[in-house]
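S.K.: Quick one: structure below, then a few questions.
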Amino acid sequence: MLSPIAKFTNDPVGIDKALKFFQFSLQAIESLSIEPTDTIRWRAAKGNINTARRFLRLFKWIDCFTVAQAQFQIASTGPASSSIENETSSDSVSKPTTTSIDATKALLNGLKYSLLGMYLFMEMFVITDAIALTSTTWSGTVQVESLKIWGYSLLVSIIISLYELINSQPEAPTTAQSSSVNEKASGTSKEDANVAQTQRAPATKQQAIFKQLAVDLTDFVVPLYVAHWYPITPLTLGVAGSINGLLGTHSAWYRLNG
């Protein structure tokens with residue numbers, strides 16, 4: 001019973017997503033608070049969780065640039081197979097799955113992880129200000145500009161999801177395929193299971209794409225709010241971030257425990 005919990009708590013991505021859920025839940029609670037003492041309490045707790053999450057991703061920019069380089073190499077040589085493990089995560093390194101990737105998608109992936117790496121690299125330099133060890137005049141500007149770059153990477157990620165959605169439309173079965181399925185209908189149960197599994201595959205892939213779109217869109221609320229690209233209320237920010245953290249926590253749990 002405790003084994004799944006142990007697996008989850010030992011996974012950095014799972015911990016990050018769980019902390020993200022609590023951080024933005026506190027953001028929503030803070031925005032609804034009336035008493036100043038309550039507001040200060042929720043804001044301090046939210047800030048501490050945010051600092052902890054930043055330490056978890058302090059050197060993730062190395063992974064991002066490594067993935068970006070591999071994707072650009074694939075784009076320059078045409079369709080190839082990527083051998084990078086998949087991991088669904090929003091602001092962590094979410095790597096492409098082991099599958100055949102065309103040059104366009106590889107180029108977009110390379111751009112996405114280059115921007116994500118730039119964001120994490122810039123954020124690393126303001127960690128000392130976040131823990132009140134130093135106080136520089138430029139840390140606020142660097143933080144905002146890094147979040148803008150993260151917003152650009154999310155836009156590219158959304159484009160990738162739309163590109164995958166367009167190219168994952170199930171093809172209509174041909175007459176030969178329909179005849180083959182009819183013949184198998186009188187075959188063994190194992191063959192029937194294989195046919196059903198093949199038919200479920202496109203739907204499962206589309207569900208994963210839609211989930212990634214939901215993760216990216218709820219993440220995109222953060223740069224919209226911080227960079228003032230669009231008027232977002234603190235409550236909207238908290239709700240969107242909570243949904244994002246919940247989706248990320250579910251993905252991490254399912255990846256670890258099935």
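Labeling convention for the structure tokens: chains A, B, ... as they appear, residues from 1 per chain, ligands from 1 in order of appearance.
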What's around A:Lys211 at 12 Å? Count only C-alpha atoms, leave out sequence neighbours fewer than 5 positions away in its own chain, and write the answer as a list in words.

M.R.: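 So, after excluding close chain neighbours, the residues are Thr88, Ser89, Ser90, Ile158, Ser161, Leu162, Leu165, Thr204, Lys205, Gln206, Asp216, Leu217, Thr218, Ile243, Asn244, Leu246, Leu247, Gly248, His250 and Ser251 of chain A.
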
S.K.: Keeping C-alpha atoms, export the residues of the selection given above as an mmCIF file, in the first residue's frame.

M.R.:
```
data_model
loop_
_atom_site.group_PDB
_atom_site.id
_atom_site.type_symbol
_atom_site.label_atom_id
_atom_site.label_comp_id
_atom_site.auth_asym_id
_atom_site.auth_seq_id
_atom_site.Cartn_x
_atom_site.Cartn_y
_atom_site.Cartn_z
ATOM 1 C CA THR A 88 4.823 14.548 -19.123
ATOM 2 C CA SER A 89 5.702 17.690 -17.235
ATOM 3 C CA SER A 90 5.044 21.336 -17.780
ATOM 4 C CA ILE A 158 0.914 24.388 -28.157
ATOM 5 C CA SER A 161 0.271 19.665 -29.983
ATOM 6 C CA LEU A 162 -1.904 21.134 -32.737
ATOM 7 C CA LEU A 165 -3.478 16.552 -33.556
ATOM 8 C CA THR A 204 -5.535 7.191 -26.786
ATOM 9 C CA LYS A 205 -2.979 9.304 -28.634
ATOM 10 C CA GLN A 206 -5.474 12.110 -29.140
ATOM 11 C CA ASP A 216 0.277 24.124 -21.701
ATOM 12 C CA LEU A 217 -2.741 26.443 -21.759
ATOM 13 C CA THR A 218 -3.092 26.483 -17.969
ATOM 14 C CA ILE A 243 -5.564 22.580 -12.396
ATOM 15 C CA ASN A 244 -2.147 22.390 -14.041
ATOM 16 C CA LEU A 246 -3.329 18.428 -10.538
ATOM 17 C CA LEU A 247 -2.907 17.265 -14.154
ATOM 18 C CA GLY A 248 0.853 17.022 -13.700
ATOM 19 C CA HIS A 250 -1.893 12.631 -12.095
ATOM 20 C CA SER A 251 0.503 12.087 -15.018
#
```

S.K.: Go ahead and compute the interatomic distance for atom CA of A:Ser157 and atom CA of A:Gln23, in Å to one decimal.

M.R.: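 Taking atom CA of A:Ser157 and atom CA of A:Gln23, their separation equals 23.4 Å.
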
S.K.: Between A:Thr104, A:Thr128, A:Thr137, A:Ser31, which residue has the minimum interatomic distance to A:Leu58, considering only C-alpha atoms?

M.R.: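 Looking only at the distances to A:Leu58, the closest residue turns out to be A:Thr128.
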
S.K.: Between A:Gln73, A:Lys148, A:Ile160, A:Ala130, which residue has the minimum interatomic distance to A:Lys112, considering only C-alpha atoms?

M.R.: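 Selected residue with least distance to A:Lys112: A:Ile160.
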
S.K.: Using atom CA of A:Leu32 and atom CA of A:Thr249 as the two end points, give the distance in Å to one decimal.

M.R.: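 The value is 24.5 Å.
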
S.K.: Quick one: of A:Ser242, A:Phe22, A:Lys7, A:Ile232, who's nearest to A:Gly258, counting only C-alpha atoms?

M.R.: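 Residue with the minimum atom-to-atom distance to A:Gly258: A:Lys7.
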
S.K.: Taking the DSSP assignment computed from this structure's backbone, write out as a VMD selection string all residues of stretch 212-251 of chain A that belong to helix (DSSP H, G or I).

M.R.: chain A and resid 212 to 226 234 to 251

S.K.: Rounded to one decimal in Å, what is the spacing between atom CA of A:Ile62 and atom CA of A:Met124?

M.R.: 11.5 Å

S.K.: From a DSSP pass on the backbone, collect the residues of stretch 9-148 of chain A flagged as strand (DSSP E or B) and hand them back as a count of residues only.

M.R.: 4

S.K.: Compare A:Ile209, A:Val126, A:Leu147, A:Val67 by their minimum atom-to-atom distance to A:Ile166, counting only C-alpha atoms, and give me the closest one.

M.R.: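 Under the stated criterion, the closest residue is A:Ile209.
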
S.K.: Mind checking which residues fall within 10 Å of A:Tyr113, counting only C-alpha atoms, ignoring those fewer than 3 positions away in the same chain, and posting them as JSON, numbers by chain?

M.R.: {"A": [61, 63, 64, 65, 66, 67, 68, 69, 71, 93, 94, 95, 108, 109, 110, 116, 117, 118, 119, 150, 153, 154, 156, 157]}
